[in-house]
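All remarks here apply to the structure that follows.
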Amino acid sequence: MWEYTDKVQQHFMNPQNVGELEKPSGTGDVGSLSCGDALKLTIEVDDNGIITDAKFKTFGCASAIASSSVLTEIIKGMSIEEASKLTNEDIAEALGGLPKEKMHCSVMGREALEAAIADFKGVILPMAEGEVVCECFGVTDLEIIRAIKESDLRSVEEITNFTKAGGGCGKCEDRLREILQQTVEGIAAEKTKPHKDQRMTTLQKIKKIEQVLEREIKPTLKKDGGDIELVDVDGDFVTVSLRGACSGCQSSRTTLKEYVEKKLREQVVDTLIVEEEK
Amino acid sequence: MNCGSEKVIYMDNNATTRVAPEVVDAMMPFLTDCYGNPSSMHTFGGMVGRAIEQARAQVAELLGADPEEIVFTSCGTESDSTAILSALQTYPENRHVMTTRVEHPAVKNLCESLTQLTGHKHRTTRLMVDEDGLLDMESYKQALSDDTAIISIMWANNETGVIFPVEEMAAMASERGILFHTDAVQAVGKIPINMRKNTIDFLSLSGHKLHAPKGVGVLYVRKGTPFVPFLNGGHQERGRRGGTENVASIIGLGRACELAAQSLQDENTRVKALRDKLEKELLATIPKSMLNGHPEKRLPNTSNISFEFVEGEAILLHMNQYNICASSGSACTSGSLEPSHVMRAMGVPFTAAHGSIRFSLSIYNTEEEVDLVLDKMPAIIANLRELSPFWEETE
């Protein structure tokens, strides 16, 4: 039994914008019967480049149907430019999250949208031009690299959850590991370059901080019986509260400045100041 | 905890079954007053030991076996592992293993990891099935080899209910002196079994598939069959399975076997009739639906139907709204990304494999329940097909 959010269940039981536009400005057709899920998205774009209508037809499980339904709601009223920036994470988030094994459903939504936009613009998507790595599901290296970068994937299992690659016969696992390693190394190399452009929105900043806390800082503190929660972010000031063995610990100030602040400065913005909640 | 069991229409009995109220009654004393250790010297424990022997006799009776051929285990998977690994240790020089492509993961995954477990490289023959899910006896015969250590073939398939001619196959194996194991987890209690009339060496069964609780199983070991224990420890089960007995569950399983013998006829008449009605009418009222598995050579309780162009998990979740419980062979329900290995082995087309639903009934199902399912299913499938991009193309 999958743990679906109420939002997923709502969109699954009462999907919005089902069907196919008669004269679509763009059509995105992704997935196939053999893959177990497929989505046909049709969009209508007006002269100002605004998506005025969107309809979908989906073959797939509850999260595939819910992802498609919520996608049509999100993009209606968006400009083509805005819609091009939509990520699979945005789709998953609009649903209150998806089980990690089901993230590929949100990726399918994003792919269909991209395909529809490309169709509208009359261009060919570069993704299809990559080298097919996973033969079972027809996933190319470009798609995999993109997913690794966009969703910050760190294991072959995560790649499978997001792109389905490696979820069939499993023959491509070694190649996936190789792509993962190369991509991650590439990202690391980029990070060491000084960031000129650090104009993140507050929301992006919070998200990024939370991610670093979850992935790196929390696991390290937990090893010593401690924990940390994000309380507030105001400009460059990050307020956290230390829990468990960390709270009241003599060296908590050191932990905060030397470890937490350092990590966050390295990975988010190098002007951050971390303070403990009073 | 209220799990809503009173409203549930439970048609997922190949997954697990309701514990029979009579079984619960039989178990209660052993969860309360009669807590002695069956191995103890005192009468208080000894009485429990005698109750276990009675349960052993009840299981033996259902299988047409002798009580000493019954070894209690913790589950069907343990029984399967015990039988197969015992045979491999008995014949370490024999490096051939034969099984099928449609086994339960308990056998399938074990056979795929034999090298890690034994340190030897084994040749494994995985017999194909045809589109009806049946095995080809010719290929079976040809695969028998002088260095075959063990053959493990299920009695009945859990997904389709298709029954394999294991007695006939075991006879051929025994002529060549090859050990034969059958995973009969789905067959026991649903079809008559008489171990005195066949030459099967090992048979696995699981308590929770026949109205006993979870956490207890049996391995039948034919008298005279060489045997190496899987769990080494105390002298329990005559040294064939170490570990203090799961007393209450063993007592429950004994009672469940007794009940199963009594309801075997009901299972093959009334339950079968309910299954047939459900199946016939679903296939008649829902276009583009098809039966998976041979229509006759099948358990009386199981029906596996594919609804083309829709996906199984979505169907199950809609059924769930009406408290109807069933299973699917679709990719999304398996936690993997591909449809069930059974559907693939049978060559069920992708249009249908993803939309396969297994209904498995029990003696507790009623005609009213079947009618309700028949009432709800057509709309569920029609609604999902409305969403499917592949549906109109076929209309």
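Chain labels A, B, ... are given in the sequence in which chains occur in the structure tokens; within each chain residues are numbered consecutively from 1, and ligands are likewise numbered from 1 in the order shown.
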
If you count only C-alpha atoms, which residues fall within 6 Å of range 193-203 of chain B, apart from same-chain ones fewer than 5 positions away, as a PyMOL selection string?
-> chain B and resi 63-65+167+170-171+180-183+219-222

Residue set, range 97-297 of chain B restricted to alpha helix (DSSP H), as a PyMOL selection string | chain B and resi 105-112+114-118+137-143+166-175+236-239+247-266+272-285

Residue list for chain B near chain A as a list in words, 7 Å, only C-alpha atoms | Val310, Glu311, Glu313, Ala314, Ala331, Cys332, Ser336, Leu337, Glu338, Phe350, Thr351, His354, Leu387, Ser388 and Pro389 of chain B

Strand (DSSP E) per DSSP on the backbone: members of range 25-87 of chain A, as a ChimeraX atom specification | /A:26-32,37-45,51-59

Residue neighbourhood range 157-163 of chain B, 7 Å, only C-alpha atoms, exclusion window fewer than 4 positions, as a list in words =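 Listed by chain and then number, they are Asn14, Gly133, Gln186, Asn292, Gly293, His294, Lys297, Arg298, Leu299, Thr302, Ser303, Asn304 and Arg358 of chain B.
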
Could you save those same residues with C-alpha atoms as a PDB file, in the first residue's frame?
ATOM      1  CA  ASN B  14      -4.145 -15.986  -1.933  1.00  0.00           C
ATOM      2  CA  GLY B 133       0.475 -20.745 -17.709  1.00  0.00           C
ATOM      3  CA  GLN B 186      -1.637 -22.200  -2.433  1.00  0.00           C
ATOM      4  CA  ASN B 292      -5.133 -15.166 -17.370  1.00  0.00           C
ATOM      5  CA  GLY B 293      -4.345 -18.835 -16.809  1.00  0.00           C
ATOM      6  CA  HIS B 294      -5.849 -22.095 -17.977  1.00  0.00           C
ATOM      7  CA  LYS B 297      -6.509 -26.627 -14.635  1.00  0.00           C
ATOM      8  CA  ARG B 298      -6.887 -24.150 -11.858  1.00  0.00           C
ATOM      9  CA  LEU B 299      -7.599 -23.732  -8.139  1.00  0.00           C
ATOM     10  CA  THR B 302      -8.707 -17.950  -8.013  1.00  0.00           C
ATOM     11  CA  SER B 303      -9.523 -15.770 -10.979  1.00  0.00           C
ATOM     12  CA  ASN B 304      -6.965 -13.536 -12.638  1.00  0.00           C
ATOM     13  CA  ARG B 358      -6.434 -11.289  -9.042  1.00  0.00           C
TER      14      ARG B 358
END
